[in-house]
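Working notes, structure below.
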Amino acid sequence: MRDTWLVFWRVMLPVLRSPVAVVFGLAQPLLYLGLFGPLLGDTGWQWFVPGLLVQMALFGTAYAGFSLLPEVRTGVMERLRVTPVSRVALLVGRVGKDVVLLVVQGALIVLAATLFGFRASAGEVLLGLGLVALLGVAIGALSYAIALKVKLEYVFASVLSATIVPVMLLSGVLLPMSNGPRWLYWLSRVNPLAHVVDAERSIFNTGSVLFGLVAAVALVLVGVVYGVRTFHEESA
């Protein structure tokens, strides 16, 4: 726990000193909120905002691995790995920072969405942000692990571009998959993120969150286990 806190504080300090990245991280969600949301009508906000929160988790943490690559290239990670610091802490501390930023940004988006007509209780907001945080842990851990494996920015960018957009489109974040052909709908059911999106919407619209919660927890286990194994292997 001490090692995790030290790593977390080390990567959080630059953000606190220059919070510009947090502000720019809100630019795209705000554009979707202001330019895409009104097209859905007054009743569409309860459907659209939860999907937007999941999209923020997907893009906000998937690109987190880029911050690791300069440290790998300049030898900082090599120096950290010869210290007694826990290999788990090297991963979890970084993921913790990304999740904290994600939750703060998500709360600000929910606050902005209420100006457009989105309505939710405090309990629903807390549950929704909690589910988004779980997803952020899973994707962030995978992002750091993949970055540590490939070690090159252009390779990492290619991996992200080949995976993130298809996963997002098949999750039903922007449009309901039930409106498409049956084969596309059933293909989306294979995507764990689609179940997380359904659960996030159910939180704000009184529905079942079981499958989405199971999918989120499964993603966390896969992401953290793979991430920890990668950090141990690369340290060997």
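So you can find residues: chains in the structure tokens are A, B, ... in the order shown, residues in each start at 1, and ligands are numbered from 1 in order.
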
Apply DSSP to the structure's backbone, then extract all residues of stretch 15-234 of chain A labelled alpha helix (DSSP H) and return them as a ChimeraX atom specification. /A:15-17,20-25,27-31,45-62,69-74,76-81,87-114,122-150,153-169,182-189,192-205,210-234

Which residues, written as a compact mmCIF listing (two decimals) with N, CA, C and O atoms, in the first residue's frame, have at least one atom at most 8 Å from A:Val72, with only C-alpha atoms counted and residues fewer than 5 positions away on the same chain left out?
# COMPACT_ATOMS: atom_id res chain seq x y z
N MET A 77 11.96 3.69 -16.05
CA MET A 77 11.34 2.45 -15.59
C MET A 77 12.39 1.43 -15.18
O MET A 77 12.20 0.68 -14.22
N GLU A 78 13.50 1.41 -15.91
CA GLU A 78 14.58 0.48 -15.56
C GLU A 78 15.14 0.80 -14.17
O GLU A 78 15.43 -0.10 -13.39
N LEU A 148 4.04 -1.35 -22.24
CA LEU A 148 5.30 -1.90 -21.77
C LEU A 148 5.79 -3.01 -22.68
O LEU A 148 7.01 -3.23 -22.82
N LYS A 151 6.61 -0.88 -26.40
CA LYS A 151 7.70 0.08 -26.13
C LYS A 151 7.85 1.20 -27.14
O LYS A 151 8.71 2.06 -26.98

Within 12 Å of stretch 166-169 of chain A, which residues of stretch 47-127 of chain A come that close, and what is the closest atom pair and distance in Å for each? Count only C-alpha atoms and give it as JSON lines.
{"residue": "A:Gly51", "atom": "CA", "partner": "A:Met168", "partner_atom": "CA", "distance": 10.1}
{"residue": "A:Leu52", "atom": "CA", "partner": "A:Met168", "partner_atom": "CA", "distance": 10.8}
{"residue": "A:Val54", "atom": "CA", "partner": "A:Met168", "partner_atom": "CA", "distance": 9.2}
{"residue": "A:Gln55", "atom": "CA", "partner": "A:Met168", "partner_atom": "CA", "distance": 7.3}
{"residue": "A:Met56", "atom": "CA", "partner": "A:Met168", "partner_atom": "CA", "distance": 10.6}
{"residue": "A:Ala57", "atom": "CA", "partner": "A:Met168", "partner_atom": "CA", "distance": 10.8}
{"residue": "A:Leu58", "atom": "CA", "partner": "A:Met168", "partner_atom": "CA", "distance": 7.8}
{"residue": "A:Phe59", "atom": "CA", "partner": "A:Met168", "partner_atom": "CA", "distance": 9.2}
{"residue": "A:Ala62", "atom": "CA", "partner": "A:Met168", "partner_atom": "CA", "distance": 11.6}

From the set A:Leu152, A:Leu127, A:Pro19, A:Phe8, which residue has the shortest atom-to-atom contact distance to A:Val99, counting only C-alpha atoms?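 For A:Val99, the nearest of the given residues is A:Phe8.
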
Long-range neighbours of stretch 174-180 of chain A as an MDAnalysis selection string, 10 Å cut-off, only C-alpha atoms, 6 positions minimum in chain: chainID A and resid 32 36:37 47:49 51:52 55 168 186:189 194 198

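One distance worth recording is that between atom CA of A:Gly65 and atom CA of A:Leu134, which is 17.4 Å.
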
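Closest approach to A:Ser86 among A:Ala216, A:Val7, A:Leu193, A:Ala199 is made by A:Val7 (distances from only C-alpha atoms).
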
Selection: 12 Å around A:Leu69, only C-alpha atoms, excl. self and same-chain fewer than 6 positions, as a list in words: Tyr63, Gly75, Val76, Met77, Glu78, Ser143, Tyr144, Ala145, Ile146, Ala147, Leu148, Lys149, Val150, Lys151, Leu152, Glu153, Tyr154, Val155, Phe156 and Ala157 of chain A

Write the residues you've just listed into a file as a PDB file, in the first residue's frame, and include C-alpha atoms for each of them.
ATOM      1  CA  TYR A  63      -4.379   6.127 -23.997  1.00  0.00           C
ATOM      2  CA  GLY A  75      15.469   4.386 -18.628  1.00  0.00           C
ATOM      3  CA  VAL A  76      13.316   5.694 -15.780  1.00  0.00           C
ATOM      4  CA  MET A  77      11.336   2.446 -15.594  1.00  0.00           C
ATOM      5  CA  GLU A  78      14.584   0.480 -15.564  1.00  0.00           C
ATOM      6  CA  SER A 143      -3.086  -0.018 -21.633  1.00  0.00           C
ATOM      7  CA  TYR A 144       0.026   0.113 -19.444  1.00  0.00           C
ATOM      8  CA  ALA A 145       0.742  -3.573 -20.014  1.00  0.00           C
ATOM      9  CA  ILE A 146       0.496  -3.266 -23.795  1.00  0.00           C
ATOM     10  CA  ALA A 147       2.627  -0.114 -23.785  1.00  0.00           C
ATOM     11  CA  LEU A 148       5.305  -1.896 -21.768  1.00  0.00           C
ATOM     12  CA  LYS A 149       5.223  -4.770 -24.243  1.00  0.00           C
ATOM     13  CA  VAL A 150       5.476  -2.773 -27.478  1.00  0.00           C
ATOM     14  CA  LYS A 151       7.697   0.076 -26.126  1.00  0.00           C
ATOM     15  CA  LEU A 152       7.210   2.237 -29.236  1.00  0.00           C
ATOM     16  CA  GLU A 153       4.660   5.037 -29.654  1.00  0.00           C
ATOM     17  CA  TYR A 154       3.781   4.309 -33.273  1.00  0.00           C
ATOM     18  CA  VAL A 155       3.210   0.612 -32.552  1.00  0.00           C
ATOM     19  CA  PHE A 156       1.107   1.406 -29.497  1.00  0.00           C
ATOM     20  CA  ALA A 157      -0.957   3.916 -31.496  1.00  0.00           C
TER      21      ALA A 157
END

Would you mind listing what lies within 10 Å of A:Leu90 as a list in words, with only C-alpha atoms counted and same-chain residues fewer than 2 positions away left out?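 My reading of the contact set: Asp3, Thr4, Trp5, Leu6, Val7, Phe8, Met77, Leu80, Arg81, Val85, Ser86, Arg87, Val88, Val92, Gly93, Arg94, Val95, Val228 and Phe231 of chain A.
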
Using only C-alpha atoms for the distances, tell me which of A:Leu13, A:Val137, A:Leu210, A:Leu184 is nearest to A:Val196.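 Of A:Leu13, A:Val137, A:Leu210, A:Leu184, the one nearest A:Val196, counting only C-alpha atoms, is A:Leu210.
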
Can you write out as a Markdown table which residues of stretch 164-211 of chain A fall within 10 Å of stretch 107-121 of chain A, alongside each residue's closest atom pair and its distance in Å to one decimal, counting only C-alpha atoms and ordering rows by chain and ascending residue number?
| residue | atom | partner | partner_atom | distance |
| --- | --- | --- | --- | --- |
| A:Ile203 | CA | A:Ala120 | CA | 9.3 |
| A:Phe204 | CA | A:Ala120 | CA | 6.4 |
| A:Asn205 | CA | A:Ala120 | CA | 9.0 |

Can you write out the residues you just picked, keeping N, CA and C atoms, as an mmCIF file, in the first residue's frame?
data_model
loop_
_atom_site.group_PDB
_atom_site.id
_atom_site.type_symbol
_atom_site.label_atom_id
_atom_site.label_comp_id
_atom_site.auth_asym_id
_atom_site.auth_seq_id
_atom_site.Cartn_x
_atom_site.Cartn_y
_atom_site.Cartn_z
ATOM 1 N N ILE A 203 -28.603 1.870 -14.482
ATOM 2 C CA ILE A 203 -28.470 2.578 -13.201
ATOM 3 C C ILE A 203 -29.320 3.841 -13.193
ATOM 4 N N PHE A 204 -29.348 4.545 -14.323
ATOM 5 C CA PHE A 204 -30.070 5.808 -14.392
ATOM 6 C C PHE A 204 -31.497 5.646 -14.916
ATOM 7 N N ASN A 205 -31.868 4.420 -15.279
ATOM 8 C CA ASN A 205 -33.195 4.201 -15.844
ATOM 9 C C ASN A 205 -33.899 2.995 -15.238
#

Closest of A:Ala141, A:Arg201, A:Glu71, A:Ala64 to A:Leu129 - atom-to-atom distances counting only C-alpha atoms: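 Smallest distance to A:Leu129 is found for A:Arg201.
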